[in-house]
Each structure stands twice: as structure tokens, then as C-alpha cells.
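Only one structure is covered here, and it is reproduced in the block below.
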Amino acid sequence: MTDTTFTPRVFSGIKPSGGLTLGNYLGAIKRFVGMQGQMETIYCVVDMHAITVWQDPRELAHMTREVAAGYLAAGLDPSQSILFNQSQVAAHAELGWIFNCVARVGWMNRMTQFKDKAGSNAEKVSLGLYAYPSLMAADILLYHATHVPVGEDQKQHVELTRDIAAKFNHDYKVEFFPTTEPVIEGPAMRIMNLRDGTKKMSKSGESDMERINMTDDADKIAKKFKKAKTDPEPLPETVEGLASRPEARNLVEIYAALDDTTPEAVIAQYPGAGWGTFKPALADLAVAKLAPISEEMARLMDDPAEIDRTLAAGADKARAIAEPILKQTYDIVGLLRG
């Protein structure tokens with residue numbers, strides 16, 4: 001009943017709220033694609049997390065398909081990875097309830113993302129927004145995932161997942177759920193705003209010029225990089241010279257991430273270069289890497305039935321892994337499930 005041999009398996013997800021940006025691509029999707037073939041990979045559009053705040057139903061369905069299109073256009077291969085949307089696999093919600101009963105209120109009170117999102121309005125936000133980290137734990141542990149690629153802002157939630165797994169195992173005297181490892185690596189993990197290098201690039205920023213959208217065409221991509229905010233100084237001779245220059249550092253890190261290299265290598269290629277040289281070079285690189293993705297996303301979004309078929313096939317594969325694990329969880333807890 002309590003198999004403790006865990007298959008190396010990756011799980012991660014993206015919430016379909018707002019549009020996909022360059023930050024989603026470099027910080028998540030590009031890395032997800034790169035992990036294919038290294039171990040089992042399961043990627044999810046976490047649409048149930050999106051409704052912790054009210055969503056327009058038609059827009060939510062559209063954004064769920066757009067996130068799936070972003071995955072596929074960036075090179076995710078459904079024959080190598082499982083791709084599905086969360087709400088098609090009911091076991092996520094079922095295990096999420098069990099974990100609501102394992103997690104402690106004090107743990108939830110320490111979640112900084114809830115404090116950031118709720119602010120002074122905490123009494124009026126949904127219970128789902130407060131409790132969603134336990135559903136995130138269920139997303140991961142439902143597949144006995146051993147590795148979760150996340151940004152720094154989600155690391156605390158993976159640590160909570162480890163706490164929930166440890167408490168479940170301790171309470172029921174089993175070694176059933178694995179100790180999941182967060183995977184945080186690579187350049188440009190935090191892609192910053194193109195108009196203010198001290199702020200993270202966001203889907204909800206006031207100006208479209210602040211961000212590169214994954215749906216932007218070649219002309220928009222080039223224009224946004226050429227108009228990106230910089231400072232008066234040229235690029236430094238060494239990467240240490242970027243320390244107090246947030247806009248310069250951001251553009252160098254974006255170049256490095258797009259080119260699969262390091263900021264040090266970028267500075268070595270452009271030592272002392274002016275922005276009139278570097279920004280057009282960055283724009284050309286970004287267009288070469290990103291425009292084919294936006295073109296393929298547009299093609300896929302013109303055929304939503306193709307996306308729906310891919311998600312449904314992925315959900316079937318996900319259920320095949322999830323259902324036996326959920327059944328064993330019910331047995332351990334003593335819940336009767338047919």
C-alpha cells in the first residue's frame with residue numbers, strides 16, 4: 001500500500017490569468033521544454049487556481065487554451081510530456097481537500113503571496129485564495145512528483161508541499177508521499193519590466209510597452225526592445241558593473257537567457273558597447289527566437305478544437321497516474337471510495 005520507490009518525475013503548472021509574457025517563457029516554459037527526455041514531465045494549466053479570484057468564464061476558457069498553445073508553440077511535445085488542464089482531473093480537488101485537513105492554519109498564515117495579494121482586504125477575499133497552497137501541494141503530490149521547476153516567488157509553496165507530505169507520512173506512519181525538490185536555476189529567472197528594471201515584468205502592468213507578450217509579432221517585439229528604458233552609460237567591461245544598473249542588467253540577462261549563455265559571456269561579446277549597438281542586437285535575437293513561437297500560437301488559437309484534443313488526451317494520461325495514487329491515499333486515510 002505504501003510503495004516508497006518514487007519515479008523521478010517533474011510537475012509544474014502555469015495559471016491562465018492575463019497573457020503569457022517573456023517572463024513566463026524564459027522563467028518557466030523554455031525550461032519545461034528543456035527538461036523533456038531527462039525524466040517524466042507533467043505540465044498543467046492550473047485553471048482551478050485561476051478562479052480563486054473572479055474570472056470571466058469565456059476569458060478563462062480562452063486563456064486556458066492560450067497557455068496550452070504557448071507550451072506547444074515553444075516546443076512541448078505531447079508524445080514526450082503530459083500536458084493537460086487541471087479541472088479535467090477531479091483528483092486534484094479531491095486530494096486538495098485531504099491536504100486542507102493535513103495543513104495547519106499557522107502554515108497558511110505564513111504564506112507571503114497571500115499577504116501580498118490580499119493586502120488590507122484579507123477579510124473579503126475568497127477562502128480559495130487563502131487555501132490554494134494546499135491545492136498546489138495536491139497538484140504536485142498527486143503524481144508523486146520529485147522535482148518542481150519554480151520561480152523564487154513559488155519556492156515557499158514547494159516548501160509547504162514538503163511540510164504537508166512529511167506531516168501526512170508522520171500522521172499515518174507511512175512513507176507514501178515524496179520529499180519534492182524545487183528546481184530553481186538558470187539565468188534571467190526574474191524577467192523585469194522594460195520600463196522599470198526594479199519591477200518584475202507583469203501581465204497586468206499599465207503599459208503594453210512594459211512587457212513582451214508571447215503573442216507579440218516580430219515588429220512589436222523589435223519595437224519594444226528598441227524603446228526599452230536604459231541609462232546613459234554604455235555596457236560595462238565586466239558583469240560586476242551591472243550591479244547598480246537594473247535596466248542594463250535586465251536587458252543583458254534577457255539576452256543571455258534567449259541565447260542560452262551567461263551574462264558574463266554577453267558582456268564579453270559587447271564590452272563597452274553603446275545602447276545603439278546592443279538594443280538592436282537584442283531585438284534581432286528576440287525576434288529570431290520569439291516570433292516563430294507567436295506565429296505558431298496564432299495558428300493554434302485559430303483551431304481551438306486541436307488544443308482541446310491535446311488537453312483531453314493529456315488528461316487521460318494524467319488520470320492514469322493520479323487515480324491509483326489517490327485511491328491509495330483514500331485507503332491510508334480510511335475513506336471508503338468505490
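Residues in the C-alpha cells are numbered from 1 in each chain, the chains being A, B, ... in the order shown, and ligands are numbered from 1 in the order shown.
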Among segment 55-288 of chain A, which residues does DSSP mark as strand (DSSP E) when it is run on the backbone? Keep the chain and numbering as in the structure and answer as a PyMOL selection string. chain A and resi 81-85+147-149+181-183
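Look at Ser294 of chain A: the protein and nucleic acid residues within 10 Å of it, using only C-alpha atoms and passing over chain neighbours fewer than 3 places away, are Ala69, Gly70, Ala73, Ala74, Asn213, Met214, Thr215, Asp216, Asp217, Ala218, Val287, Lys289, Leu290, Ala291, Met297, Ala298, Arg299 and Leu300 of chain A.
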I need the chosen residues saved as a short mmCIF file (atom, residue, chain, number, x, y, z; two decimals), in the first residue's frame, with N, CA and C atoms.
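Dumped to part.cif:
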```cif
data_model
loop_
_atom_site.label_atom_id
_atom_site.label_comp_id
_atom_site.auth_asym_id
_atom_site.auth_seq_id
_atom_site.Cartn_x
_atom_site.Cartn_y
_atom_site.Cartn_z
N ALA A 69 -1.45 26.66 -25.85
CA ALA A 69 -0.84 26.99 -27.13
C ALA A 69 0.60 27.48 -26.92
N GLY A 70 0.84 28.24 -25.84
CA GLY A 70 2.19 28.69 -25.55
C GLY A 70 3.14 27.54 -25.28
N ALA A 73 3.63 25.72 -28.75
CA ALA A 73 4.39 26.51 -29.72
C ALA A 73 5.85 26.62 -29.32
N ALA A 74 6.13 26.58 -28.02
CA ALA A 74 7.51 26.68 -27.53
C ALA A 74 8.28 25.37 -27.66
N ASN A 213 4.85 40.27 -24.82
CA ASN A 213 3.83 39.22 -24.78
C ASN A 213 4.23 38.09 -25.72
N MET A 214 3.91 36.87 -25.35
CA MET A 214 4.23 35.75 -26.24
C MET A 214 3.41 35.77 -27.52
N THR A 215 2.38 36.60 -27.54
CA THR A 215 1.58 36.75 -28.76
C THR A 215 2.05 37.92 -29.63
N ASP A 216 3.06 38.68 -29.19
CA ASP A 216 3.55 39.81 -29.98
C ASP A 216 4.20 39.34 -31.27
N ASP A 217 3.94 40.07 -32.37
CA ASP A 217 4.58 39.71 -33.64
C ASP A 217 5.99 40.31 -33.70
N ALA A 218 6.69 40.02 -34.77
CA ALA A 218 8.09 40.43 -34.88
C ALA A 218 8.27 41.94 -34.76
N VAL A 287 13.53 38.54 -31.83
CA VAL A 287 12.64 38.25 -32.96
C VAL A 287 12.92 36.85 -33.50
N LYS A 289 14.08 34.29 -31.95
CA LYS A 289 13.69 33.24 -31.00
C LYS A 289 12.18 33.22 -30.74
N LEU A 290 11.56 34.42 -30.70
CA LEU A 290 10.19 34.51 -30.20
C LEU A 290 9.13 34.61 -31.29
N ALA A 291 9.46 35.23 -32.43
CA ALA A 291 8.44 35.40 -33.47
C ALA A 291 7.89 34.06 -33.98
N MET A 297 1.56 30.05 -32.04
CA MET A 297 0.45 30.25 -31.11
C MET A 297 -0.78 30.76 -31.85
N ALA A 298 -0.58 31.70 -32.77
CA ALA A 298 -1.71 32.23 -33.53
C ALA A 298 -2.38 31.14 -34.36
N ARG A 299 -1.56 30.28 -34.96
CA ARG A 299 -2.13 29.16 -35.74
C ARG A 299 -2.95 28.24 -34.86
N LEU A 300 -2.41 27.90 -33.69
CA LEU A 300 -3.12 27.00 -32.79
C LEU A 300 -4.42 27.64 -32.27
#
```
Phe176 of chain A: which residues within 12 Å, counting only C-alpha atoms, same-chain residues fewer than 4 positions away excluded, as a ChimeraX atom specification? /A:1-6,141-145,164-172,325-326,328-333
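Closest approach to Asp196 of chain A from the set A:Pro246, A:Pro292, A:Gly96, A:Gly338 is made by A:Pro246, with distances taken over only C-alpha atoms.
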Tell me which protein, DNA and RNA residues are within 8 Å of segment 36-43 of chain A, counting only C-alpha atoms, leaving out same-chain ones fewer than 3 positions away, and put them as number ranges by chain. A: 8-13, 32-33, 76, 80-84, 318
Given the selection you just returned, output its residues as a file containing N, CA, C and O atoms, formatted as a short mmCIF file (atom, residue, chain, number, x, y, z; two decimals), in the first residue's frame.
```
data_model
loop_
_atom_site.label_atom_id
_atom_site.label_comp_id
_atom_site.auth_asym_id
_atom_site.auth_seq_id
_atom_site.Cartn_x
_atom_site.Cartn_y
_atom_site.Cartn_z
N PRO A 8 11.55 9.32 -10.76
CA PRO A 8 11.89 10.74 -10.96
C PRO A 8 10.87 11.38 -11.92
O PRO A 8 10.69 10.92 -13.05
N ARG A 9 10.20 12.39 -11.43
CA ARG A 9 9.08 12.95 -12.21
C ARG A 9 8.97 14.44 -11.93
O ARG A 9 9.03 14.89 -10.79
N VAL A 10 8.81 15.22 -12.99
CA VAL A 10 8.67 16.67 -12.91
C VAL A 10 7.18 17.02 -13.01
O VAL A 10 6.46 16.47 -13.84
N PHE A 11 6.74 17.94 -12.16
CA PHE A 11 5.41 18.54 -12.31
C PHE A 11 5.55 20.04 -12.16
O PHE A 11 6.23 20.53 -11.26
N SER A 12 4.88 20.78 -13.03
CA SER A 12 4.77 22.22 -12.83
C SER A 12 3.55 22.71 -13.60
O SER A 12 3.03 22.02 -14.47
N GLY A 13 3.11 23.91 -13.25
CA GLY A 13 1.92 24.45 -13.90
C GLY A 13 1.98 25.95 -14.05
O GLY A 13 2.76 26.63 -13.37
N PHE A 32 10.76 24.16 -19.05
CA PHE A 32 9.94 22.95 -19.09
C PHE A 32 10.26 22.12 -20.33
O PHE A 32 10.43 20.90 -20.26
N VAL A 33 10.34 22.80 -21.47
CA VAL A 33 10.64 22.12 -22.73
C VAL A 33 12.02 21.47 -22.65
O VAL A 33 12.22 20.33 -23.10
N LEU A 76 6.91 22.08 -26.52
CA LEU A 76 6.49 20.96 -25.71
C LEU A 76 5.84 19.90 -26.60
O LEU A 76 4.96 20.20 -27.40
N GLN A 80 6.11 13.32 -25.55
CA GLN A 80 7.16 13.21 -24.54
C GLN A 80 6.73 13.69 -23.17
O GLN A 80 7.25 13.24 -22.14
N SER A 81 5.80 14.63 -23.13
CA SER A 81 5.32 15.22 -21.88
C SER A 81 3.80 15.11 -21.82
O SER A 81 3.13 15.07 -22.85
N ILE A 82 3.28 15.06 -20.61
CA ILE A 82 1.84 15.12 -20.40
C ILE A 82 1.45 16.59 -20.25
O ILE A 82 2.01 17.30 -19.41
N LEU A 83 0.51 17.05 -21.06
CA LEU A 83 0.00 18.42 -20.98
C LEU A 83 -1.51 18.35 -20.85
O LEU A 83 -2.19 17.74 -21.68
N PHE A 84 -2.05 18.98 -19.81
CA PHE A 84 -3.50 18.96 -19.58
C PHE A 84 -3.89 20.16 -18.75
O PHE A 84 -3.04 20.87 -18.22
N ALA A 318 -2.81 11.79 -17.49
CA ALA A 318 -2.63 12.26 -16.12
C ALA A 318 -3.48 11.43 -15.15
O ALA A 318 -3.01 11.03 -14.07
#
```
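Taking only C-alpha atoms into account, Ser126 of chain A lies nearest to A:Thr52 out of the set A:Gln156, A:Gln88, A:Asn100, A:Thr52.
Considering only C-alpha atoms, the residue among A:Leu72, A:Ile267, A:Ile14, A:Val46 positioned nearest to Glu240 of chain A is A:Ile267.
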Identify, with DSSP run on backbone atoms, the residues in segment 141-233 of chain A assigned to helix (DSSP H, G or I), and express the list as an MDAnalysis selection string. chainID A and resid 141 152:171 208:210 218:226
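With only C-alpha atoms as the atoms that count, the residue of A:Val174, A:Leu95, A:Tyr270, A:Val150 with the shortest distance to Ile29 of chain A is A:Val150.
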For the atom pair atom CA of Glu237 of chain A and atom CA of Tyr255 of chain A, what is the interatomic distance in Å to one decimal place? 16.3 Å
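Note that atom CA of Gly276 of chain A and atom CA of Gly27 of chain A are 27.0 Å apart.
Of the residues listed (A:Ile51, A:Thr21, A:Arg65, A:Gly334), A:Arg65 shows the shortest atom-to-atom separation from Arg309 of chain A; distances use only C-alpha atoms.
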Quick one: residues within 9 Å of Leu60 of chain A, only C-alpha atoms, excluding same-chain residues fewer than 3 positions away - as a ChimeraX atom specification? /A:16-17,47,50-51,55-57,63-65
